[in-house]
Each structure stands twice: as structure tokens, then as C-alpha cells.
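run.cif (mmCIF, C-alpha atoms)
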```
data_work
loop_
_atom_site.label_atom_id
_atom_site.label_comp_id
_atom_site.auth_asym_id
_atom_site.auth_seq_id
_atom_site.Cartn_x
_atom_site.Cartn_y
_atom_site.Cartn_z
CA MET A 288 16.49 51.97 -48.37
CA THR A 289 12.83 51.04 -48.72
CA GLN A 290 12.97 48.00 -46.47
CA LYS A 291 14.81 47.06 -43.32
CA LYS A 292 18.17 45.45 -44.06
CA LYS A 293 21.04 44.30 -41.90
CA LEU A 294 23.64 47.05 -41.94
CA THR A 295 27.08 47.24 -40.43
CA ARG A 296 29.65 50.01 -40.19
CA ARG A 297 31.51 48.25 -42.99
CA THR A 298 28.55 48.09 -45.37
CA VAL A 299 27.32 51.56 -44.53
CA LEU A 300 30.60 53.44 -44.66
CA LYS A 301 32.91 51.34 -46.79
CA GLY A 302 31.01 49.47 -49.47
CA ALA A 303 33.56 48.62 -52.13
CA GLY A 304 36.37 50.15 -50.09
CA ALA A 305 39.00 49.64 -52.76
CA ALA A 306 37.48 52.48 -54.73
CA ALA A 307 38.68 54.87 -52.06
CA LEU A 308 42.20 54.22 -53.26
CA ALA A 309 41.45 55.20 -56.83
CA ALA A 310 42.77 58.26 -58.65
CA PRO A 311 41.68 61.77 -57.59
CA LEU A 312 37.94 62.26 -57.94
CA TYR A 313 38.09 65.40 -60.04
CA SER A 314 40.13 67.07 -62.69
CA LYS A 315 41.22 70.68 -62.84
CA SER A 316 39.48 71.06 -66.18
CA ALA A 317 36.22 70.02 -64.57
CA LEU A 318 36.63 72.76 -61.99
CA ALA A 319 37.97 75.42 -64.27
CA SER A 320 34.75 77.30 -64.86
CA SER A 321 33.85 80.22 -62.62
CA GLY A 322 30.34 81.66 -62.39
CA GLU A 323 27.79 80.79 -59.74
CA ILE A 324 25.53 78.01 -58.55
CA ASN A 325 22.21 78.21 -56.67
CA ILE A 326 21.79 75.47 -54.08
CA MET A 327 18.82 74.69 -51.82
CA MET A 328 20.06 72.28 -49.20
CA TRP A 329 19.59 71.35 -45.55
CA SER A 330 20.68 74.23 -43.36
CA ASP A 331 23.88 72.77 -41.89
CA TYR A 332 25.18 70.57 -44.74
CA LEU A 333 27.65 73.04 -46.28
CA PRO A 334 30.02 74.31 -43.57
CA PRO A 335 31.71 77.69 -44.20
CA ASP A 336 35.14 76.05 -44.61
CA PHE A 337 33.75 73.67 -47.23
CA LEU A 338 32.17 76.50 -49.20
CA ALA A 339 35.30 78.61 -48.94
CA ALA A 340 37.45 75.74 -50.24
CA PHE A 341 35.09 75.11 -53.16
CA GLU A 342 34.83 78.77 -54.11
CA GLY A 343 38.59 79.29 -53.74
CA GLU A 344 39.46 76.32 -55.93
CA THR A 345 36.85 76.78 -58.63
CA GLY A 346 35.98 80.48 -58.63
CA ILE A 347 32.32 79.46 -58.50
CA LYS A 348 30.16 81.52 -56.16
CA VAL A 349 27.68 79.48 -54.13
CA ASN A 350 24.27 81.01 -53.40
CA TYR A 351 23.15 78.75 -50.54
CA THR A 352 19.53 78.62 -49.35
CA GLY A 353 19.20 76.52 -46.20
CA ILE A 354 16.04 74.52 -45.52
CA GLY A 355 14.76 72.31 -42.71
CA SER A 356 12.28 69.91 -44.32
CA ASN A 357 11.47 68.02 -47.49
CA GLU A 358 8.18 69.87 -47.68
CA GLU A 359 10.07 73.16 -48.05
CA ILE A 360 11.96 71.79 -51.05
CA ILE A 361 8.89 70.34 -52.73
CA ASN A 362 6.72 73.40 -52.13
CA LYS A 363 9.41 75.79 -53.41
CA MET A 364 9.94 73.75 -56.57
CA LYS A 365 6.19 73.47 -57.18
CA ALA A 366 5.77 77.22 -56.73
CA THR A 367 8.57 78.07 -59.18
CA LYS A 368 7.89 75.15 -61.57
CA GLY A 369 11.43 73.90 -61.03
CA GLN A 370 13.11 77.24 -61.67
CA GLY A 371 15.61 79.23 -59.62
CA PHE A 372 17.92 76.50 -58.29
CA ASP A 373 20.62 74.30 -59.76
CA ILE A 374 20.76 71.69 -56.99
CA VAL A 375 18.17 70.64 -54.41
CA SER A 376 18.51 67.93 -51.77
CA PRO A 377 15.54 65.54 -51.39
CA THR A 378 15.68 62.63 -48.96
CA ASN A 379 15.86 59.15 -50.47
CA ASN A 380 12.37 58.07 -49.36
CA ARG A 381 10.58 60.93 -51.19
CA SER A 382 10.96 59.56 -54.73
CA LEU A 383 7.28 58.59 -55.03
CA GLN A 384 6.30 62.18 -54.26
CA TRP A 385 8.76 63.71 -56.74
CA GLU A 386 8.20 61.52 -59.79
CA PRO A 387 4.69 62.72 -60.72
CA LEU A 388 5.73 66.37 -60.29
CA GLU A 389 8.18 66.21 -63.22
CA LEU A 390 10.30 68.95 -61.65
CA LEU A 391 13.68 67.17 -61.80
CA GLN A 392 15.89 66.27 -64.75
CA PRO A 393 18.04 63.14 -65.13
CA ILE A 394 21.61 63.29 -63.85
CA ASP A 395 24.28 63.09 -66.57
CA MET A 396 26.02 60.08 -65.05
CA GLY A 397 28.84 60.39 -67.57
CA ARG A 398 29.93 63.48 -65.64
CA VAL A 399 29.69 61.90 -62.17
CA LYS A 400 32.34 59.73 -60.52
CA ILE A 401 29.70 57.49 -58.97
CA ASP A 402 32.31 54.86 -58.06
CA ALA A 403 33.47 57.29 -55.38
CA VAL A 404 30.41 56.55 -53.22
CA ASN A 405 28.99 53.61 -51.33
CA PRO A 406 27.42 51.34 -54.00
CA ALA A 407 24.34 50.56 -51.88
CA MET A 408 23.55 54.27 -51.60
CA ALA A 409 24.31 54.94 -55.27
CA LYS A 410 21.84 52.17 -56.11
CA ILE A 411 19.03 54.17 -54.49
CA GLY A 412 19.27 56.63 -57.36
CA THR A 413 19.29 54.04 -60.14
CA ASP A 414 16.44 52.08 -58.55
CA ALA A 415 14.02 54.41 -56.75
CA TRP A 416 14.80 57.62 -58.66
CA ASN A 417 14.96 56.30 -62.24
CA PHE A 418 11.85 58.19 -63.28
CA GLY A 419 10.21 56.81 -66.41
CA GLY A 420 13.31 54.81 -67.21
CA SER A 421 15.13 58.02 -68.16
CA GLY A 422 17.94 57.58 -65.65
CA SER A 423 18.76 58.52 -62.08
CA HIS A 424 17.37 61.84 -60.81
CA TRP A 425 19.19 61.67 -57.46
CA LEU A 426 22.71 61.24 -56.08
CA PRO A 427 23.61 60.39 -52.46
CA HIS A 428 25.18 63.25 -50.50
CA ILE A 429 24.75 62.92 -46.72
CA TRP A 430 23.41 60.09 -44.61
CA GLY A 431 22.38 60.02 -41.01
CA THR A 432 19.81 58.89 -38.52
CA GLU A 433 17.16 60.16 -36.17
CA GLY A 434 17.42 58.92 -32.61
CA ILE A 435 17.73 60.27 -29.08
CA ALA A 436 19.86 63.18 -27.87
CA TYR A 437 20.19 64.11 -24.21
CA ARG A 438 22.05 66.32 -21.77
CA THR A 439 24.51 64.04 -19.99
CA ASP A 440 24.76 66.43 -17.03
CA LEU A 441 21.01 66.35 -16.44
CA TRP A 442 19.73 62.90 -17.44
CA LEU A 443 20.88 59.39 -18.28
CA PRO A 444 18.88 56.50 -19.78
CA ALA A 445 17.79 53.71 -17.49
CA GLY A 446 19.56 51.01 -19.51
CA ASP A 447 22.35 50.74 -22.04
CA ALA A 448 20.37 52.71 -24.62
CA PRO A 449 17.65 55.37 -24.52
CA SER A 450 14.16 54.85 -25.94
CA TYR A 451 11.78 56.90 -28.07
CA GLY A 452 9.49 56.60 -25.07
CA ASP A 453 11.86 58.75 -22.98
CA VAL A 454 10.66 61.78 -24.96
CA TRP A 455 7.10 61.12 -23.80
CA SER A 456 7.76 59.92 -20.25
CA GLU A 457 6.27 61.56 -17.17
CA GLU A 458 9.79 61.66 -15.70
CA ASN A 459 10.92 64.09 -18.41
CA ALA A 460 7.66 66.05 -18.76
CA GLY A 461 8.21 69.62 -19.92
CA LYS A 462 11.83 68.98 -20.85
CA THR A 463 11.66 67.16 -24.19
CA MET A 464 11.49 67.96 -27.91
CA GLY A 465 10.99 66.40 -31.30
CA ARG A 466 9.82 67.01 -34.86
CA ALA A 467 6.09 66.36 -34.93
CA HIS A 468 5.71 63.69 -37.61
CA SER A 469 8.83 61.68 -36.81
CA MET A 470 8.31 62.02 -33.05
CA MET A 471 4.88 60.50 -33.53
CA LEU A 472 6.38 57.66 -35.56
CA GLY A 473 8.92 57.10 -32.77
CA ALA A 474 6.04 57.00 -30.30
CA GLY A 475 4.48 54.25 -32.40
CA LEU A 476 7.69 52.19 -32.31
CA PHE A 477 7.77 52.60 -28.53
CA MET A 478 4.12 51.55 -28.31
CA GLU A 479 4.97 48.38 -30.25
CA ARG A 480 7.88 47.56 -27.96
CA SER A 481 5.83 48.21 -24.82
CA GLY A 482 2.94 46.05 -26.02
CA GLU A 483 0.49 48.92 -26.57
CA MET A 484 0.37 48.27 -30.33
CA ALA A 485 0.80 45.13 -32.42
CA PRO A 486 4.38 44.53 -33.65
CA GLY A 487 4.95 45.78 -37.21
CA SER A 488 2.03 48.23 -37.13
CA ILE A 489 4.08 51.32 -37.96
CA TRP A 490 5.62 49.75 -41.07
CA SER A 491 2.31 48.25 -42.22
CA ALA A 492 0.91 51.79 -42.30
CA TYR A 493 2.96 52.49 -45.44
CA ASN A 494 1.06 49.81 -47.39
CA ASP A 495 -2.39 51.36 -47.81
CA GLU A 496 -4.46 54.28 -46.58
CA GLU A 497 -6.96 52.23 -44.58
CA THR A 498 -4.22 50.62 -42.52
CA MET A 499 -2.40 53.93 -42.17
CA ARG A 500 -5.48 55.71 -40.79
CA LYS A 501 -6.10 52.95 -38.25
CA VAL A 502 -2.48 52.89 -37.02
CA TRP A 503 -1.93 56.63 -36.99
CA GLY A 504 -5.29 57.24 -35.35
CA GLN A 505 -4.13 55.11 -32.43
CA VAL A 506 -0.72 56.80 -32.33
CA THR A 507 -2.22 60.28 -32.50
CA ASP A 508 -4.60 59.65 -29.61
CA TRP A 509 -1.67 58.38 -27.52
CA CYS A 510 0.46 61.43 -28.39
CA VAL A 511 -2.33 63.96 -27.81
CA ALA A 512 -2.84 62.53 -24.32
CA ARG A 513 0.84 63.26 -23.60
CA LYS A 514 1.31 66.45 -25.57
CA ASP A 515 1.74 68.59 -22.45
CA ARG A 516 4.97 66.69 -21.75
CA ILE A 517 6.61 68.06 -24.89
CA LYS A 518 8.39 71.39 -24.49
CA LEU A 519 9.57 72.11 -28.03
CA ILE A 520 8.72 71.04 -31.58
CA TRP A 521 11.69 71.63 -33.89
CA ASN A 522 11.97 71.92 -37.66
CA ASP A 523 15.68 72.43 -38.33
CA ALA A 524 19.19 71.85 -36.99
CA ASP A 525 19.54 75.19 -35.21
CA THR A 526 16.31 74.66 -33.26
CA GLN A 527 17.60 71.31 -32.05
CA LYS A 528 20.89 72.80 -30.86
CA ASN A 529 19.19 75.74 -29.20
CA GLY A 530 16.74 73.45 -27.44
CA LEU A 531 19.52 71.42 -25.87
CA LEU A 532 21.66 74.42 -24.97
CA ASN A 533 19.25 77.22 -24.10
CA GLU A 534 15.63 76.06 -23.89
CA GLY A 535 15.77 73.61 -21.00
CA VAL A 536 15.46 70.47 -23.13
CA VAL A 537 16.93 67.41 -21.40
CA VAL A 538 15.90 64.69 -23.88
CA GLY A 539 14.95 64.99 -27.53
CA GLN A 540 14.27 62.94 -30.63
CA THR A 541 16.71 64.55 -33.08
CA TRP A 542 18.88 64.06 -36.12
CA ASP A 543 22.37 62.80 -35.33
CA GLY A 544 24.29 65.79 -36.72
CA PRO A 545 23.23 68.67 -34.44
CA PRO A 546 23.82 66.95 -31.06
CA LEU A 547 27.03 65.34 -32.27
CA ALA A 548 28.30 68.73 -33.42
CA LEU A 549 27.57 70.03 -29.93
CA LYS A 550 29.30 67.04 -28.39
CA ALA A 551 32.35 67.58 -30.60
CA ALA A 552 32.45 71.20 -29.37
CA GLY A 553 32.66 70.00 -25.77
CA GLU A 554 29.03 70.46 -24.71
CA PRO A 555 27.47 67.92 -22.27
CA VAL A 556 25.34 66.37 -25.01
CA HIS A 557 25.16 62.80 -26.27
CA TYR A 558 23.33 61.20 -29.20
CA GLN A 559 22.57 57.49 -29.39
CA ALA A 560 20.50 55.06 -31.41
CA PRO A 561 17.50 54.09 -29.25
CA VAL A 562 16.64 50.55 -28.31
CA GLU A 563 13.85 50.51 -30.92
CA GLY A 564 16.41 51.33 -33.65
CA ALA A 565 17.40 54.69 -35.14
CA MET A 566 15.65 55.89 -38.29
CA ALA A 567 18.12 55.98 -41.22
CA TRP A 568 17.97 58.30 -44.22
CA VAL A 569 20.11 59.49 -47.12
CA ASP A 570 19.79 63.05 -48.37
CA GLY A 571 20.74 63.56 -51.99
CA MET A 572 21.52 65.99 -54.74
CA SER A 573 19.02 66.47 -57.58
CA VAL A 574 18.91 68.86 -60.53
CA PRO A 575 15.67 70.79 -61.11
CA VAL A 576 14.33 71.12 -64.65
CA GLY A 577 15.06 74.85 -64.63
CA ALA A 578 18.73 74.56 -63.63
CA VAL A 579 20.93 76.85 -65.74
CA ASN A 580 24.48 76.56 -64.35
CA ILE A 581 25.14 73.08 -65.66
CA ASP A 582 28.97 73.02 -65.67
CA GLN A 583 28.96 74.44 -62.16
CA ILE A 584 26.60 71.70 -61.01
CA TYR A 585 28.99 68.95 -61.98
CA ALA A 586 31.96 70.84 -60.58
CA PHE A 587 30.14 70.98 -57.26
CA ILE A 588 29.26 67.27 -57.36
CA ASP A 589 32.90 66.43 -58.14
CA PHE A 590 34.02 68.47 -55.15
CA CYS A 591 31.47 66.81 -52.84
CA TYR A 592 32.66 63.38 -53.95
CA ARG A 593 36.28 64.01 -52.99
CA ALA A 594 37.07 61.96 -49.91
CA ASP A 595 39.20 64.70 -48.34
CA GLN A 596 36.54 67.40 -48.67
CA ALA A 597 33.71 65.08 -47.60
CA GLY A 598 35.76 64.03 -44.57
CA HIS A 599 36.40 67.60 -43.47
CA ALA A 600 32.70 68.40 -43.86
CA ILE A 601 31.47 65.55 -41.66
CA ASP A 602 33.94 66.68 -39.01
CA SER A 603 32.04 69.95 -38.89
CA HIS A 604 28.35 69.07 -39.25
CA GLY A 605 28.36 65.69 -37.48
CA TYR A 606 26.44 63.70 -40.10
CA ASN A 607 28.00 60.99 -42.29
CA SER A 608 29.19 60.79 -45.87
CA PRO A 609 28.52 58.12 -48.52
CA VAL A 610 31.90 58.95 -50.09
CA LEU A 611 34.25 55.99 -49.76
CA GLY A 612 37.19 56.78 -47.52
CA ALA A 613 35.73 60.07 -46.25
CA ASP A 614 35.89 58.92 -42.64
CA GLY A 615 39.63 58.49 -43.09
CA PHE A 616 39.89 62.27 -43.46
CA ALA A 617 37.66 62.96 -40.46
CA GLY A 618 39.24 63.48 -37.06
CA ASP A 619 39.37 61.19 -34.06
CA VAL A 620 36.48 63.06 -32.42
CA TYR A 621 34.15 62.19 -35.31
CA LYS A 622 35.18 58.53 -35.18
CA LYS A 623 34.73 58.35 -31.39
CA ASN A 624 31.33 60.03 -31.58
CA PHE A 625 30.21 57.63 -34.32
CA GLN A 626 31.20 54.59 -32.27
CA GLU A 627 29.46 55.91 -29.17
CA ALA A 628 26.32 56.83 -31.12
CA TYR A 629 25.99 53.33 -32.60
CA PRO A 630 27.36 50.86 -30.03
CA GLY A 631 26.93 47.11 -30.22
CA GLU A 632 24.36 46.03 -32.80
CA SER A 633 22.96 49.53 -33.36
CA LEU A 634 23.94 49.67 -37.03
CA ALA A 635 22.40 46.26 -37.66
CA ASN A 636 19.21 47.51 -36.01
CA LEU A 637 18.73 50.65 -38.13
CA ASN A 638 15.26 51.35 -39.54
CA PRO A 639 15.66 52.59 -43.13
CA TRP A 640 12.90 55.14 -43.64
CA PRO A 641 10.40 53.58 -46.09
CA ALA A 642 9.36 55.29 -49.31
CA GLU A 643 6.42 57.62 -48.78
CA ALA A 644 3.65 57.76 -51.39
CA PRO A 645 1.86 61.10 -51.88
CA TRP A 646 -1.27 59.73 -50.17
CA TYR A 647 0.78 58.74 -47.12
CA ALA A 648 2.28 62.21 -46.75
CA ASP A 649 -1.15 63.84 -47.10
CA VAL A 650 -2.84 61.63 -44.53
CA ARG A 651 0.07 61.96 -42.11
CA THR A 652 -0.30 65.73 -42.32
CA GLU A 653 -3.91 65.37 -41.16
CA PHE A 654 -2.83 63.48 -38.05
CA VAL A 655 0.12 65.78 -37.37
CA ASN A 656 -2.21 68.78 -37.54
CA LYS A 657 -4.58 67.07 -35.11
CA PHE A 658 -1.68 66.58 -32.69
CA THR A 659 -0.16 70.04 -33.00
CA SER A 660 -3.51 71.82 -32.67
CA ALA A 661 -4.72 69.74 -29.72
#
```
Could you write out this structure as C-alpha cells?
Amino acid sequence: MTQKKKLTRRTVLKGAGAAALAAPLYSKSALASSGEINIMMWSDYLPPDFLAAFEGETGIKVNYTGIGSNEEIINKMKATKGQGFDIVSPTNNRSLQWEPLELLQPIDMGRVKIDAVNPAMAKIGTDAWNFGGSGSHWLPHIWGTEGIAYRTDLWLPAGDAPSYGDVWSEENAGKTMGRAHSMMLGAGLFMERSGEMAPGSIWSAYNDEETMRKVWGQVTDWCVARKDRIKLIWNDADTQKNGLLNEGVVVGQTWDGPPLALKAAGEPVHYQAPVEGAMAWVDGMSVPVGAVNIDQIYAFIDFCYRADQAGHAIDSHGYNSPVLGADGFAGDVYKKNFQEAYPGESLANLNPWPAEAPWYADVRTEFVNKFTSA
């Protein structure tokens, strides 16, 4: 997902749909080993029911460390030299940052039922994460988007869809939230649409540092001038939920999962792809060089790639699964929420998050720090 492509619900969720009708995606022998597994993964990706089912079926104890950003994963692995965890969960667009670190080992694809997942998402691993030609270092696990969440009892968008600009508007001043770096990117997309920046500027910033500094300098100045309109800067799923429920946030730029989980629980919250297009990502599973519980790793991957278990999980956390047929095991509420989050041509208008080189991440941090400290 390094360039914008036309996506539909069929291509995103189904892929080669016939594979969903294949034989069971695991064998009892593969899950026969007990022991434990140490997982560092996004904080809401492994619901309690999912973990209980895995531990009950396999006897494998899961030691789950929740995180809220890719930087947390990278920094932890750099600090421990790839030791201490069996599975970590980088986002698809971070491959250029991971490869030179040499902290991940190739996946043993002979032990993975890769045909169980959407082929386009599986291809991310074999293309972008095939470090040094030694094989894929990444498997797709959860996909989702970043767009606009809002309290339906307190605010409604002016048109058929909200905008990234609604987070920065004077109308909503003091009642909005976002994650600093992606909220600033969303501001840039709004600036393009409103004519305040040349079309394509945000994506051109990924090409070279000179262009990036020019574009992000303009975006940062715009955001600093409106910083007092932002109530909350979040860094994980719980902060997003709390902002919408308890902190007076009316509109926010968020991941899809947290607000949709609230919506499924009956809260007056809605999530929708904005008119500029939601940002799409795929979070994966990777094996650090210091992983020790190898059989347990592949037992866990097998379990994640079962359509029934993946379907039950997305019912709980509100994100989406690359596993073929998983949505067939999700409930009607999940399906309704998905349709309402991506109406019309929303899926065709997704913005796949481009690959980020190390220099891009470093320079972006400079501008983010300038914004947050202003």
C-alpha cells in the first residue's frame, strides 16, 4: 500500500474469496504445544474473549504488552536489540525504517496458511518486507483507517461527509482531538482541497527531504496558528474513547476501531471517511530476532488466521481483518457500522499510507515538536 489504488469492499475484504471455503486453517497438532508467548501489539487488538479462546484451546499463556504507536515498538526493539518478545506488530508503511535495524527475522512461510488472507495484503509482506531477499518479515493482521469521529448528539457535518478541516474549524474550537503527526497530515489534505496548498503537496513530501521541509513547514505554520482550537492530543485507543465520552470532544481525527466500538456499544458516536479520503493502513505480525517461543508463534498465527476467530475479534475491537471470510463471522452491527463508515465511493477514495523512510520520520518529528511545543 505504497501508492493510491482504487479499492472496493470486494477487493479489500474478499480478495480471492474462494479461499474462505477451504479446509480449516489450523491443525490440532499445530496447536498442541503449551508454554507461553510474549506479544507486543496495539492496545486493543486482542480482546479478552479472543485471548481466552486461544489460551483455552492451546494451553499457551499470552503475555500481552499493549502499545499505541510504531515508535514505541521500534524504540523497545532497539533498546533490547530484538530480545524479549516473540511477536511485534509494525504498520505496513514502516518497512523502510525496520530493514536497516536488522531486528526482525524472516517468517517461515511453510508454517503459515497465507492463502487464508487477502492476497493484496499478503503481497505487502513479500514485496515491501522482503529484507535483503531473505523472505517476508511481516504478515497482515489488522487493517483500518484514520478518519473523522464525532458525537452525533452534539454535532453533524455540513454535507454528506465530514472533513479533516472540521477538527481545526472555529466552529468546533476547544472541542476537538487528534494524534499530532497524522492530524497535521490531515490538515494538509484539507489545505489542498480548500485551495490553500497545491494539489498533491502532501504526497510529494514523501519523495525527498527538501520537498518535505517546504510542505511541512507550511502545514506546521497553519496548524500552530490554530493550535488553541485543539482540546486533546491522543496516542492510543483508550484516549480516543475517553475523549469522546468524558473529555468534551465533539469531533476528532481518529482510528476507525475506537469510535466504532463505542457506536456498537450504543454510544452516540459515529465514524466516517472524510471527504478528502480516509488514511488506510495494515498492521502486521513480525518476529524479532530474539524470539524464543517459535512453535507458539506459529500456533498464534494459525489461530489469528481462522476466519471464525478473526470475525469474533473484529466484532469486539471495531477494526477490520485481512482474513478471507472473517466478516461472515462478524455480527450485523459490525457490517452496518462498516457500511455507514464507508458510504458511496469512500473505499475507492482511500489514501493508502505511503512508506516512510527514516529521514522522513526524523524530519516529521521536528515539525511535530514545533507544533506541540508552540
Hey, could you pull the box centre and edge lengths for stretch 456-469 of chain A, axis-aligned, 3 Å padding per side, all listed atoms, to one decimal in Å, as AutoDock Vina command-line options?
```
--center_x 8.8 --center_y 64.8 --center_z -26.7 --size_x 12.1 --size_y 15.7 --size_z 27.9
```
*Atomic distance atom CA of A:Trp430 - atom CA of A:Met566, expressed in Å with one decimal*: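 Pair atom CA of A:Trp430 / atom CA of A:Met566 returns 10.9 Å.
The nearest approach to A:Asp582 among the residues A:Ile347, A:Ala552, A:Asp331, A:Pro387, with all atoms listed in the file taken into account, belongs to A:Ile347.
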*asked:* Neighbouring residues of A:Ile411 were defined as those with any atom within 10 Å, considering only C-alpha atoms; residues of the same chain fewer than 4 positions away were excluded. Please report them as a PyMOL selection string.
replied: chain A and resi 288-289+379-380+382+406-407+415-417+423+425-427+569+571
*asked:* Which residue is closest to A:Asp543? Choose from A:Ile324, A:Ala485, A:Ala403, A:Ala560 and count all atoms listed in the file.
replied: A:Ala560
_Selection result of the PyMOL selection byres ((chain A and resi 527) around 10) on this file, as a PyMOL selection string_ = chain A and resi 436+464-466+519-526+528-532+534+536+539-542+544-546
